[in-house]
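Notes follow once the structure below has been shown.
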Amino acid sequence: MFIGHLPSSYLLYKLAAPRNLTDTAFRAGMLGAIFPDIDMLWFYLVDDRGHHHHWYLTHRPAVWIGLIILCGLLMYVTRTRHGLTGISFCAGALTHIAFDMIAGRIMWLWPLSDQTFTMV
């Protein structure tokens, strides 16, 4: 159930995020925490449930890590905090994927390997 990602990410952000995190960055993190399940639209409307939605790009950690690096570079180059909202959004997506790994299969080594990992 995708809504479960919101309260779990909220608690994680409240515990682990810096106290000076802006409201906009916090909201972006909460949006990012549910965003990877946007692929459910494709799963039901286009793919006709042909592949588990964890196989789509929105559930690939490398995508979100790459975006975090790009946002960090934006912050470095512009010498501003403009990338902080993007980093927070992507961090929220990574928490989503980490929570999905409790009972689902996630490709943490993609694109180097298609091996999946799960906790249960």
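Letters for chains follow the order of the structure tokens (A, B, ...), residue numbers begin at 1 for each chain, and ligand numbers begin at 1 in the order shown.
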_What's around region 93-95 of chain A at 9 Å? Count only C-alpha atoms, leave out sequence neighbours fewer than 4 positions away in its own chain, and write the answer as a ChimeraX atom specification._
/A:5,8-9,12,29-36,58-61,64-65,88-89,99-100
Write out the residues from the selection above, keeping N, CA and C atoms, as a PDB file, in the first residue's frame.
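In the end it all went to selection.pdb:
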```pdb
ATOM      1  N   HIS A   5       4.087   4.598   2.841  1.00  0.00           N
ATOM      2  CA  HIS A   5       5.398   5.219   2.709  1.00  0.00           C
ATOM      3  C   HIS A   5       5.417   6.627   3.293  1.00  0.00           C
ATOM      4  N   SER A   8       5.895   6.559   7.343  1.00  0.00           N
ATOM      5  CA  SER A   8       7.209   6.023   7.695  1.00  0.00           C
ATOM      6  C   SER A   8       8.311   6.999   7.298  1.00  0.00           C
ATOM      7  N   SER A   9       8.185   7.614   6.146  1.00  0.00           N
ATOM      8  CA  SER A   9       9.181   8.598   5.725  1.00  0.00           C
ATOM      9  C   SER A   9       9.100   9.861   6.570  1.00  0.00           C
ATOM     10  N   LEU A  12      11.009   9.113   9.681  1.00  0.00           N
ATOM     11  CA  LEU A  12      12.441   9.061   9.394  1.00  0.00           C
ATOM     12  C   LEU A  12      13.007  10.459   9.178  1.00  0.00           C
ATOM     13  N   GLY A  29      10.585  16.151   0.255  1.00  0.00           N
ATOM     14  CA  GLY A  29      10.942  14.823   0.735  1.00  0.00           C
ATOM     15  C   GLY A  29       9.729  13.935   0.924  1.00  0.00           C
ATOM     16  N   MET A  30       8.645  14.512   1.416  1.00  0.00           N
ATOM     17  CA  MET A  30       7.416  13.742   1.598  1.00  0.00           C
ATOM     18  C   MET A  30       6.807  13.362   0.250  1.00  0.00           C
ATOM     19  N   LEU A  31       6.870  14.271  -0.704  1.00  0.00           N
ATOM     20  CA  LEU A  31       6.383  13.960  -2.053  1.00  0.00           C
ATOM     21  C   LEU A  31       7.253  12.884  -2.692  1.00  0.00           C
ATOM     22  N   GLY A  32       8.560  13.003  -2.498  1.00  0.00           N
ATOM     23  CA  GLY A  32       9.481  11.996  -3.020  1.00  0.00           C
ATOM     24  C   GLY A  32       9.254  10.625  -2.408  1.00  0.00           C
ATOM     25  N   ALA A  33       8.771  10.602  -1.172  1.00  0.00           N
ATOM     26  CA  ALA A  33       8.543   9.329  -0.482  1.00  0.00           C
ATOM     27  C   ALA A  33       7.410   8.522  -1.103  1.00  0.00           C
ATOM     28  N   ILE A  34       6.510   9.173  -1.799  1.00  0.00           N
ATOM     29  CA  ILE A  34       5.435   8.427  -2.462  1.00  0.00           C
ATOM     30  C   ILE A  34       5.588   8.410  -3.977  1.00  0.00           C
ATOM     31  N   PHE A  35       6.480   9.256  -4.511  1.00  0.00           N
ATOM     32  CA  PHE A  35       6.609   9.402  -5.958  1.00  0.00           C
ATOM     33  C   PHE A  35       6.983   8.111  -6.698  1.00  0.00           C
ATOM     34  N   PRO A  36       7.888   7.261  -6.212  1.00  0.00           N
ATOM     35  CA  PRO A  36       8.235   6.077  -7.004  1.00  0.00           C
ATOM     36  C   PRO A  36       7.036   5.213  -7.386  1.00  0.00           C
ATOM     37  N   THR A  58      11.561   3.954 -11.806  1.00  0.00           N
ATOM     38  CA  THR A  58      11.303   4.733 -10.596  1.00  0.00           C
ATOM     39  C   THR A  58      11.667   3.962  -9.335  1.00  0.00           C
ATOM     40  N   HIS A  59      11.901   2.675  -9.448  1.00  0.00           N
ATOM     41  CA  HIS A  59      12.313   1.862  -8.302  1.00  0.00           C
ATOM     42  C   HIS A  59      13.772   1.413  -8.424  1.00  0.00           C
ATOM     43  N   ARG A  60      14.559   2.134  -9.177  1.00  0.00           N
ATOM     44  CA  ARG A  60      15.988   1.837  -9.306  1.00  0.00           C
ATOM     45  C   ARG A  60      16.767   2.862  -8.482  1.00  0.00           C
ATOM     46  N   PRO A  61      17.442   2.438  -7.433  1.00  0.00           N
ATOM     47  CA  PRO A  61      18.192   3.372  -6.582  1.00  0.00           C
ATOM     48  C   PRO A  61      19.222   4.197  -7.349  1.00  0.00           C
ATOM     49  N   TRP A  64      17.928   7.593  -8.540  1.00  0.00           N
ATOM     50  CA  TRP A  64      17.777   8.621  -7.500  1.00  0.00           C
ATOM     51  C   TRP A  64      19.127   9.087  -6.966  1.00  0.00           C
ATOM     52  N   ILE A  65      20.083   8.178  -6.873  1.00  0.00           N
ATOM     53  CA  ILE A  65      21.426   8.563  -6.429  1.00  0.00           C
ATOM     54  C   ILE A  65      22.058   9.492  -7.467  1.00  0.00           C
ATOM     55  N   SER A  88      16.313  16.581  -1.331  1.00  0.00           N
ATOM     56  CA  SER A  88      15.321  16.093  -0.378  1.00  0.00           C
ATOM     57  C   SER A  88      14.288  15.210  -1.066  1.00  0.00           C
ATOM     58  N   PHE A  89      13.839  15.612  -2.257  1.00  0.00           N
ATOM     59  CA  PHE A  89      12.888  14.808  -3.025  1.00  0.00           C
ATOM     60  C   PHE A  89      13.476  13.434  -3.325  1.00  0.00           C
ATOM     61  N   PHE A  99      12.254   1.096   2.113  1.00  0.00           N
ATOM     62  CA  PHE A  99      11.114   0.459   2.775  1.00  0.00           C
ATOM     63  C   PHE A  99      10.499  -0.629   1.895  1.00  0.00           C
ATOM     64  N   ASP A 100      10.523  -0.441   0.580  1.00  0.00           N
ATOM     65  CA  ASP A 100      10.028  -1.487  -0.324  1.00  0.00           C
ATOM     66  C   ASP A 100      10.864  -2.751  -0.222  1.00  0.00           C
TER      67      ASP A 100
END
```
*Using backbone DSSP assignments, extract all helix (DSSP H, G or I) residues from chain A; output them as a VMD selection string.*
chain A and resid 2 to 16 23 to 45 53 to 55 57 to 59 61 to 78 84 to 100
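The closest residue to Val63 (chain A), picked from A:Trp110, A:Arg81, A:Pro18, A:Leu41 and counting only C-alpha atoms, is A:Trp110.
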*asked:* Just want the 10 Å neighbourhood of region 68-71 of chain A, counted on only C-alpha atoms, with same-chain residues fewer than 2 positions away dropped. Output as a VMD selection string.
replied: chain A and resid 62 to 66 73 to 77 81 to 91
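For the pair CA of Trp42 (chain A) and CA of Leu57 (chain A), the separation is 11.4 Å.
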_Option closest in space to Tyr10 (chain A), from A:Gly92, A:Gly50, A:Gly104, A:Pro111 [counting only C-alpha atoms]_ = A:Gly92
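Picture a line from CA of Phe26 (chain A) to CA of Lys14 (chain A); it runs 9.2 Å.
For Met101 (chain A), the residues within 10 Å (counting only C-alpha atoms, excluding itself and residues fewer than 4 positions away along the chain) are His54, Thr95, His96, Ile97, Arg105, Ile106, Met107, Trp108, Thr116, Phe117, Thr118, Met119 and Val120 of chain A.
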Deliver the residues from the most recent selection as a file, using N, CA and C atoms, as a PDB file, in the first residue's frame.
```pdb
ATOM      1  N   HIS A  54       8.325  -2.917  -9.314  1.00  0.00           N
ATOM      2  CA  HIS A  54       9.677  -2.684  -8.800  1.00  0.00           C
ATOM      3  C   HIS A  54      10.730  -2.826  -9.895  1.00  0.00           C
ATOM      4  N   THR A  95      14.168   6.566   0.463  1.00  0.00           N
ATOM      5  CA  THR A  95      13.554   5.944   1.648  1.00  0.00           C
ATOM      6  C   THR A  95      12.404   5.042   1.222  1.00  0.00           C
ATOM      7  N   HIS A  96      11.658   5.464   0.218  1.00  0.00           N
ATOM      8  CA  HIS A  96      10.577   4.635  -0.315  1.00  0.00           C
ATOM      9  C   HIS A  96      11.131   3.282  -0.770  1.00  0.00           C
ATOM     10  N   ILE A  97      12.209   3.337  -1.538  1.00  0.00           N
ATOM     11  CA  ILE A  97      12.801   2.111  -2.071  1.00  0.00           C
ATOM     12  C   ILE A  97      13.368   1.247  -0.944  1.00  0.00           C
ATOM     13  N   ARG A 105      11.530  -7.030  -3.896  1.00  0.00           N
ATOM     14  CA  ARG A 105      12.849  -7.206  -4.498  1.00  0.00           C
ATOM     15  C   ARG A 105      13.271  -5.913  -5.177  1.00  0.00           C
ATOM     16  N   ILE A 106      14.463  -5.415  -4.820  1.00  0.00           N
ATOM     17  CA  ILE A 106      14.996  -4.168  -5.357  1.00  0.00           C
ATOM     18  C   ILE A 106      16.366  -4.432  -5.980  1.00  0.00           C
ATOM     19  N   MET A 107      16.622  -3.824  -7.130  1.00  0.00           N
ATOM     20  CA  MET A 107      17.901  -3.979  -7.836  1.00  0.00           C
ATOM     21  C   MET A 107      18.874  -2.891  -7.396  1.00  0.00           C
ATOM     22  N   TRP A 108      19.528  -3.080  -6.253  1.00  0.00           N
ATOM     23  CA  TRP A 108      20.445  -2.074  -5.716  1.00  0.00           C
ATOM     24  C   TRP A 108      21.708  -1.929  -6.555  1.00  0.00           C
ATOM     25  N   THR A 116      18.542  -8.961  -7.502  1.00  0.00           N
ATOM     26  CA  THR A 116      17.635  -8.271  -6.597  1.00  0.00           C
ATOM     27  C   THR A 116      17.949  -8.643  -5.147  1.00  0.00           C
ATOM     28  N   PHE A 117      17.572  -7.741  -4.255  1.00  0.00           N
ATOM     29  CA  PHE A 117      17.803  -7.949  -2.834  1.00  0.00           C
ATOM     30  C   PHE A 117      16.491  -7.695  -2.103  1.00  0.00           C
ATOM     31  N   THR A 118      16.265  -8.474  -1.063  1.00  0.00           N
ATOM     32  CA  THR A 118      15.099  -8.290  -0.215  1.00  0.00           C
ATOM     33  C   THR A 118      15.475  -8.654   1.219  1.00  0.00           C
ATOM     34  N   MET A 119      14.770  -8.098   2.171  1.00  0.00           N
ATOM     35  CA  MET A 119      15.058  -8.396   3.576  1.00  0.00           C
ATOM     36  C   MET A 119      14.294  -9.616   4.066  1.00  0.00           C
ATOM     37  N   VAL A 120      13.119  -9.852   3.512  1.00  0.00           N
ATOM     38  CA  VAL A 120      12.287 -10.981   3.968  1.00  0.00           C
ATOM     39  C   VAL A 120      12.206 -12.002   2.879  1.00  0.00           C
TER      40      VAL A 120
END
```
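Taking CA of Asp39 (chain A) and CA of His53 (chain A) as the two end points, the separation is 6.5 Å.
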